[in-house]
Each structure stands twice: as C-alpha cells, then as structure tokens.
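Novice: Next up, my_file_34.txt (compact mmCIF, C-alpha atoms).
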```txt
# COMPACT_ATOMS: atom_id res chain seq x y z
CA PRO A 29 0.00 0.00 0.00
CA PRO A 30 1.18 3.61 -0.55
CA PRO A 31 2.76 5.36 2.42
CA ALA A 32 0.49 7.62 4.50
CA ALA A 33 0.89 11.36 4.10
CA VAL A 34 3.01 12.99 6.78
CA GLY A 35 2.39 16.38 8.47
CA GLY A 36 1.70 19.24 6.04
CA GLY A 37 2.20 17.11 3.00
CA SER A 38 -1.54 16.37 2.62
CA HIS A 39 -2.99 17.10 -0.82
CA SER A 40 -6.76 17.12 0.11
CA GLN A 41 -9.06 19.31 -2.09
CA PRO A 42 -9.98 22.77 -0.71
CA THR A 43 -13.60 23.25 0.46
CA PHE A 44 -15.91 26.19 -0.42
CA PRO A 45 -18.98 27.57 1.41
CA PRO A 46 -22.35 26.47 -0.09
CA ARG A 47 -23.66 28.66 -2.88
CA ALA A 48 -26.59 30.94 -1.88
CA PRO A 49 -29.84 30.10 -3.73
CA VAL A 50 -30.80 32.46 -6.53
CA ARG A 51 -34.08 34.28 -5.76
CA ALA A 52 -36.49 34.15 -8.69
CA VAL A 53 -37.96 37.46 -9.87
CA PRO A 54 -41.77 37.20 -9.96
CA PRO A 55 -43.41 37.73 -13.34
CA PRO A 56 -45.24 41.03 -13.99
CA ALA A 57 -48.68 39.45 -13.37
CA THR A 58 -47.63 38.46 -9.85
CA LEU A 59 -46.35 41.93 -9.15
CA VAL A 60 -49.68 43.42 -10.18
CA SER A 61 -51.71 40.95 -8.10
CA THR A 62 -49.80 41.89 -4.94
CA ALA A 63 -50.08 45.65 -5.53
CA THR A 64 -51.86 47.83 -2.98
CA PRO A 65 -55.45 49.00 -3.64
CA GLY A 66 -54.14 52.52 -4.20
CA ALA A 67 -51.65 51.32 -6.81
CA LEU A 68 -54.32 49.30 -8.62
CA LEU A 69 -56.68 52.28 -8.69
CA ALA A 70 -53.87 54.50 -9.97
CA ALA A 71 -53.12 51.98 -12.73
CA PHE A 72 -56.81 52.01 -13.73
CA LEU A 73 -57.00 55.82 -13.77
CA ALA A 74 -53.81 56.11 -15.82
CA LYS A 75 -55.69 54.51 -18.74
CA ALA A 76 -59.28 55.51 -17.94
CA ASP A 77 -58.54 59.17 -17.19
CA PRO A 78 -55.67 60.12 -19.50
CA SER A 79 -56.33 63.84 -19.02
CA ALA A 80 -56.05 63.36 -15.23
CA HIS A 81 -58.90 65.61 -14.17
CA LEU A 82 -59.83 63.34 -11.28
CA ARG A 83 -57.91 64.02 -8.09
CA PHE A 84 -57.45 61.04 -5.80
CA PRO A 85 -55.38 61.03 -2.58
CA LEU A 86 -53.55 57.95 -3.80
CA ALA A 87 -50.33 58.87 -2.05
CA VAL A 88 -52.01 58.32 1.31
CA SER A 89 -55.09 56.13 0.83
CA PRO A 90 -57.89 56.09 -1.73
CA CYS A 91 -60.31 55.27 1.12
CA SER A 92 -60.57 58.95 2.04
CA HIS A 93 -62.22 59.80 -1.29
CA PRO A 94 -66.05 59.98 -1.27
CA ALA A 95 -66.22 57.70 -4.33
CA VAL A 96 -64.53 54.88 -2.42
CA SER A 97 -65.61 52.70 0.48
CA CYS A 98 -63.16 50.40 2.22
CA SER A 99 -63.12 47.58 4.70
CA ALA A 100 -61.48 47.89 8.11
CA ASP A 101 -58.21 46.55 6.69
CA GLY A 102 -58.12 49.08 3.83
CA GLN A 103 -59.45 46.91 1.00
CA ILE A 104 -61.70 48.72 -1.50
CA THR A 105 -65.24 47.32 -1.35
CA ARG A 106 -67.14 49.99 -3.32
CA LEU A 107 -66.03 52.24 -6.18
CA VAL A 108 -68.50 54.69 -7.74
CA LEU A 109 -67.08 56.92 -10.49
CA GLU A 110 -70.25 58.02 -12.28
CA SER A 111 -70.24 61.01 -14.67
CA SER A 112 -66.57 61.56 -13.92
CA GLY A 113 -65.34 62.41 -17.42
CA LEU A 114 -63.50 59.12 -17.87
CA ASN A 115 -62.76 58.90 -21.60
CA GLY A 116 -60.02 56.29 -21.86
CA THR A 117 -60.04 52.50 -21.62
CA PHE A 118 -60.70 49.98 -18.85
CA ALA A 119 -57.26 48.43 -18.46
CA PRO A 120 -57.07 44.74 -17.54
CA ALA A 121 -55.51 43.55 -14.27
CA THR A 122 -56.33 46.81 -12.47
CA LEU A 123 -59.76 47.02 -10.79
CA SER A 124 -60.23 43.30 -11.36
CA ARG A 125 -57.51 42.74 -8.72
CA LEU A 126 -59.59 44.46 -6.03
CA ILE A 127 -60.87 41.09 -4.91
CA GLU A 128 -62.99 42.48 -2.03
CA LEU A 129 -64.96 44.76 -4.36
CA ARG A 130 -68.75 44.48 -3.92
CA VAL A 131 -70.01 47.44 -5.97
CA LEU A 132 -68.44 48.86 -9.14
CA SER A 133 -70.12 51.73 -10.98
CA LEU A 134 -68.56 53.55 -13.92
CA LYS A 135 -71.87 54.79 -15.37
CA SER A 136 -72.21 57.79 -17.67
CA ASN A 137 -68.63 58.22 -18.82
CA ALA A 138 -67.02 57.77 -22.24
CA LEU A 139 -64.95 54.66 -21.63
CA HIS A 140 -64.32 52.70 -24.81
CA GLY A 141 -62.85 49.42 -25.94
CA PRO A 142 -63.64 45.96 -24.51
CA ILE A 143 -64.69 45.20 -20.98
CA PRO A 144 -61.70 43.35 -19.49
CA ASP A 145 -61.64 40.05 -17.64
CA LEU A 146 -63.47 40.58 -14.34
CA SER A 147 -63.49 36.95 -13.21
CA PRO A 148 -61.29 37.56 -10.11
CA LEU A 149 -64.08 39.73 -8.60
CA GLU A 150 -65.82 36.78 -6.99
CA ASN A 151 -67.45 38.98 -4.32
CA LEU A 152 -68.97 41.50 -6.76
CA LYS A 153 -72.71 42.03 -6.26
CA ALA A 154 -73.42 45.10 -8.42
CA LEU A 155 -71.88 46.06 -11.78
CA PHE A 156 -72.96 49.33 -13.43
CA LEU A 157 -71.21 50.16 -16.73
CA ALA A 158 -74.11 51.85 -18.54
CA GLY A 159 -73.75 54.94 -20.68
CA ASN A 160 -70.25 54.38 -22.01
CA ARG A 161 -68.84 53.27 -25.37
CA PHE A 162 -67.75 49.76 -24.50
CA SER A 163 -67.64 47.42 -27.50
CA GLY A 164 -67.24 43.72 -28.11
CA PRO A 165 -69.37 40.81 -26.90
CA PHE A 166 -71.08 40.34 -23.57
CA PRO A 167 -68.08 39.77 -21.26
CA ALA A 168 -67.90 36.03 -20.64
CA SER A 169 -66.01 36.65 -17.40
CA VAL A 170 -69.06 38.43 -15.97
CA ALA A 171 -71.10 35.26 -16.43
CA SER A 172 -68.79 33.55 -13.92
CA LEU A 173 -69.63 36.02 -11.12
CA ARG A 174 -72.43 34.11 -9.45
CA ARG A 175 -72.94 36.61 -6.62
CA LEU A 176 -74.04 39.39 -8.97
CA ARG A 177 -77.47 40.77 -8.20
CA SER A 178 -77.47 43.91 -10.37
CA ILE A 179 -76.01 44.23 -13.89
CA ASP A 180 -76.38 47.36 -16.02
CA LEU A 181 -74.62 47.38 -19.40
CA ALA A 182 -77.21 49.58 -21.15
CA GLY A 183 -76.28 52.27 -23.66
CA ASN A 184 -72.99 50.88 -24.95
CA ARG A 185 -71.85 49.38 -28.26
CA LEU A 186 -71.81 45.75 -27.16
CA SER A 187 -72.74 43.18 -29.81
CA GLY A 188 -73.07 39.52 -30.67
CA ALA A 189 -75.11 36.75 -29.11
CA LEU A 190 -75.44 36.36 -25.36
CA PRO A 191 -73.32 33.52 -23.92
CA PRO A 192 -75.03 30.13 -23.53
CA GLY A 193 -76.38 29.48 -20.06
CA ILE A 194 -76.54 33.13 -19.07
CA GLU A 195 -80.14 32.66 -17.92
CA VAL A 196 -78.95 30.45 -15.04
CA ALA A 197 -75.57 32.08 -14.40
CA PHE A 198 -76.80 34.46 -11.68
CA PRO A 199 -78.98 32.69 -9.10
CA HIS A 200 -79.61 35.91 -7.11
CA LEU A 201 -80.11 38.34 -10.02
CA THR A 202 -82.67 41.09 -9.39
CA PHE A 203 -81.79 43.75 -11.99
CA LEU A 204 -80.57 43.28 -15.59
CA ARG A 205 -80.32 46.00 -18.24
CA LEU A 206 -78.84 45.23 -21.64
CA ASP A 207 -80.91 47.77 -23.60
CA ALA A 208 -79.58 50.13 -26.27
CA ASN A 209 -76.74 47.95 -27.53
CA HIS A 210 -76.25 45.81 -30.67
CA TYR A 211 -76.87 42.33 -29.30
CA ASN A 212 -78.39 39.74 -31.62
CA GLY A 213 -79.52 36.14 -31.62
CA SER A 214 -82.27 34.60 -29.52
CA LEU A 215 -83.32 35.63 -26.04
CA PRO A 216 -82.55 33.37 -23.08
CA ALA A 217 -85.46 32.08 -21.00
CA TRP A 218 -84.89 34.00 -17.77
CA ASN A 219 -87.19 32.71 -15.06
CA GLN A 220 -85.56 33.12 -11.65
CA ALA A 221 -88.04 34.41 -9.09
CA SER A 222 -85.54 37.01 -7.85
CA LEU A 223 -85.50 38.92 -11.18
CA LYS A 224 -87.62 42.06 -10.79
CA LEU A 225 -86.35 44.26 -13.61
CA LEU A 226 -85.29 43.17 -17.11
CA ASN A 227 -84.72 45.38 -20.15
CA VAL A 228 -83.34 44.11 -23.47
CA SER A 229 -85.02 46.75 -25.66
CA TYR A 230 -83.39 48.38 -28.69
CA ASN A 231 -81.05 45.63 -29.75
CA ASN A 232 -81.19 43.21 -32.68
CA PHE A 233 -82.60 40.14 -30.94
CA SER A 234 -84.78 37.86 -33.06
CA GLY A 235 -87.23 34.97 -32.74
CA PRO A 236 -89.91 34.33 -30.15
CA VAL A 237 -89.65 35.81 -26.68
CA PRO A 238 -89.58 32.82 -24.32
CA VAL A 239 -92.83 32.49 -22.43
CA THR A 240 -91.84 32.27 -18.77
CA PRO A 241 -93.76 33.75 -15.82
CA VAL A 242 -90.94 36.19 -15.10
CA MET A 243 -90.49 37.45 -18.67
CA ALA A 244 -94.24 37.79 -19.19
CA GLN A 245 -94.43 40.11 -16.18
CA MET A 246 -91.90 42.55 -17.66
CA GLY A 247 -94.30 43.92 -20.27
CA ALA A 248 -93.77 44.53 -23.96
CA ALA A 249 -91.71 47.70 -23.43
CA ALA A 250 -88.85 45.64 -21.99
CA PHE A 251 -88.47 44.01 -25.45
CA ALA A 252 -89.31 46.98 -27.72
CA GLY A 253 -87.04 48.10 -30.54
CA ASN A 254 -86.15 44.56 -31.63
CA PRO A 255 -88.04 44.29 -34.94
CA GLU A 256 -87.38 40.57 -35.33
CA LEU A 257 -88.74 39.57 -31.92
CA CYS A 258 -92.19 38.03 -31.82
CA GLY A 259 -94.48 35.79 -29.81
CA GLU A 260 -97.06 35.81 -27.08
CA VAL A 261 -95.27 38.21 -24.74
CA LEU A 262 -95.20 40.85 -27.49
CA ARG A 263 -98.62 39.92 -28.94
CA ARG A 264 -96.84 39.75 -32.29
CA GLU A 265 -97.22 36.83 -34.66
CA CYS A 266 -94.06 34.95 -35.53
CA ARG A 267 -93.33 34.16 -39.17
CA GLY A 268 -94.75 30.85 -40.22
CA SER A 269 -97.13 30.82 -37.26
CA HIS A 270 -100.90 31.06 -37.58
CA LEU A 271 -101.41 32.01 -33.93
CA LEU A 272 -102.62 35.51 -33.11
CA PHE A 273 -102.22 37.00 -29.66
CA PHE A 274 -104.60 39.46 -28.04
CA HIS A 275 -104.67 41.28 -24.72
CA GLY A 276 -107.00 39.51 -22.35
CA PRO A 277 -110.10 41.42 -21.22
CA GLY A 278 -110.20 43.01 -17.81
CA ASN A 279 -113.12 42.96 -15.42
CA ASN A 280 -114.92 45.63 -17.42
CA GLY A 281 -114.11 44.14 -20.82
CA SER A 282 -111.22 46.53 -21.51
CA ALA A 283 -107.62 45.55 -22.05
CA ALA A 284 -105.64 44.81 -18.91
CA PRO A 285 -103.07 47.50 -18.09
CA PRO A 286 -99.47 46.50 -18.85
CA VAL A 287 -97.12 45.66 -16.03
CA GLN A 288 -94.53 48.39 -15.42
CA SER A 289 -91.43 47.50 -17.38
CA ALA A 290 -87.73 48.05 -16.97
CA ALA A 291 -87.83 50.80 -19.57
CA ALA A 292 -89.86 52.95 -17.19
CA THR A 293 -87.72 52.30 -14.15
CA GLY A 294 -84.28 53.53 -13.15
CA ASP A 295 -81.85 52.17 -10.64
CA GLY A 296 -78.32 52.70 -9.47
CA PRO A 297 -75.84 51.57 -6.88
CA GLN A 298 -77.46 53.77 -4.23
CA ARG A 299 -80.65 51.71 -4.45
CA ALA A 300 -79.33 48.33 -5.50
CA ASP A 301 -80.12 45.52 -3.09
CA ILE A 302 -76.65 44.31 -2.29
```
Would you write the structure of this file as structure tokens?

Specialist:
Amino acid sequence: PPPAAVGGGSHSQPTFPPRAPVRAVPPPATLVSTATPGALLAAFLAKADPSAHLRFPLAVSPCSHPAVSCSADGQITRLVLESSGLNGTFAPATLSRLIELRVLSLKSNALHGPIPDLSPLENLKALFLAGNRFSGPFPASVASLRRLRSIDLAGNRLSGALPPGIEVAFPHLTFLRLDANHYNGSLPAWNQASLKLLNVSYNNFSGPVPVTPVMAQMGAAAFAGNPELCGEVLRRECRGSHLLFFHGPGNNGSAAPPVQSAAATGDGPQRADI
C-alpha cells in the first residue's frame, strides 16, 4: 500500500462555502396581483382618465375619497365613479384585482374598448357600466360572477349573441339592463323568481320571446325596438305561425293594463339591493 501522508504534506481538495440560492424574480402578473389597492386604482385611472382631471389622494389612501368605500383593513369594497369624465379604456388587471370589491359603478362616462376580464371579482354584487362606449361581446367573465345581483350594461356598443347558459348564471339576479346595444340572436329564458327588472329593448334580438312567468311580467316595453322579436309576450305573430295573440279582457271588458317594465324604471348603486 502507498505510504500515509506525513504532516503538512496532505494534498486534500480545498472546500468552499455552499452557494446561496438564486431568488427568482416574480413575473409582472404576480407583481400586479400583490399591488396595494391605491396602486391598482392609480393603474386604472392612468388609462381611464388620460387627461387626469380626477384628483385622488392615492399617495395616502384612496379610502378617504367619497367615491370609495373600504373595509377595516383598507381593501376597496365599493367604487362609484359616475359622470366623472373618464374617456379612456378599462385596463385589464387593475380594478379586477380588487378582490374584495362588492359594488363597481362607472356609469355615464365615455370609456371605450372591450370590458376586461373581471373573473377575479368573486365577491362582486353590483356592476354598473351603462352609458359608455364599450364594445365587443357580452363579457364572458361576468357570467362567472355568481354573486351578482345587479347588472347594467345599457347604452354601450356591445354586440353579438349572449353567452349560452346566461339565464342560469346568476342565481340571485334582481336587476338586468342590456338595452340600447347591438346584441343579436335569440333571447334566453330567464325565469328566476328574484328577477324584478329586465330590459333588453333596442337591440337586434330575433325569434320568439320565451314564455316564462318572469319574462311575461316585464311587459312589452322591456323588449321593444327589436323588430325581429315576436311571440305571445309581445302579442306579435311569428313568421310561419298562424297564432294571433290578443290582450285579455279586464273585469270591465277593456284591455288589462301592462305591467310596469324596466324601460320605465331607473336604478343605481345607491338603491341596489346588495
């Protein structure tokens, strides 16, 4: 066997301290999702209010602004920016990251472009986007928000057919306005007992209005301005049908008065049942 090494003649390999682990940099989406409510609101306003005529105390806390309500831990639960001169776009991954938001109202502005993905807002109960210039289809992400009770998308430039299954997407829905857009296709058969106000007038819907107890109670005005709609609810004969529909007589032989429709009723976040 070889002789053992003597004294300082050892030739063992030098040792080094363990290498420190490299910390991964989170992707941009993660950075956005962990941003503060003030930073998310600022990111929204940067695109929605390019002329910057809104003044928010974002440096301290947006919760001090009258348009904002917050929880005890500083999370935004209500944001109402109606008639605020917003004339930009609704940027994705901004307000949709305010996961405690219950009420969102951006009514009566001039926001344009598509409505972004709102699916993270699982606690949202009221969505008011009426009176803007939003375009594109009915936002599919909204159909995933099962806690919604009030939806107002009236007076925009939204188009296309409504997503399949929308009539059962919102089990607690009380208020739905889709009027004054460019929707087409057939109407869903809404029939949940909670629905008290429905307006789909002045679109391009076609075919028979489904005969459900809830839709029949809305009155013909809720479906007006859709020339291709027909059926019993409208007392309008459908093509190829030989059935005629008449108003039933009242107690004195006159026509029964129509039920008040959505077209004659207003609502907003101040009165929404949330």

Novice: Go ahead and compute the interatomic distance for atom CA of Pro142 of chain A and atom CA of Asp180 of chain A, in Å to one decimal.

Specialist: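 Interatomic distance here is 15.4 Å.
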
Novice: Using Å and a single decimal, report how far atom CA of Lys75 of chain A sits from atom CA of Leu139 of chain A.

Specialist: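 Distance reported for this atom pair: 9.7 Å.
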
Novice: Residues near Phe166 of chain A, anyone? I mean within 8 Å using all atoms listed in the file, not counting same-chain ones fewer than 5 positions away, as number ranges by chain.

Specialist: A: 186-191

Novice: For each of A:Val170, A:Leu82, A:Leu123, A:Ala217, take the minimum atom-to-atom distance to Gly66 of chain A, counting all atoms listed in the file, then give the residue where this is smallest.

Specialist: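 Checking each of A:Val170, A:Leu82, A:Leu123, A:Ala217 against Gly66 of chain A, counting all atoms listed in the file, the winner is A:Leu123.
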
Novice: Which centre and which edge lengths, in Å to one decimal, describe the axis-aligned box that holds all listed atoms of segment 66-76 of chain A after 4 Å is added on each side, as AutoDock Vina command-line options?

Specialist:
```
--center_x -55.5 --center_y 52.7 --center_z -11.5 --size_x 15.6 --size_y 14.8 --size_z 22.5
```
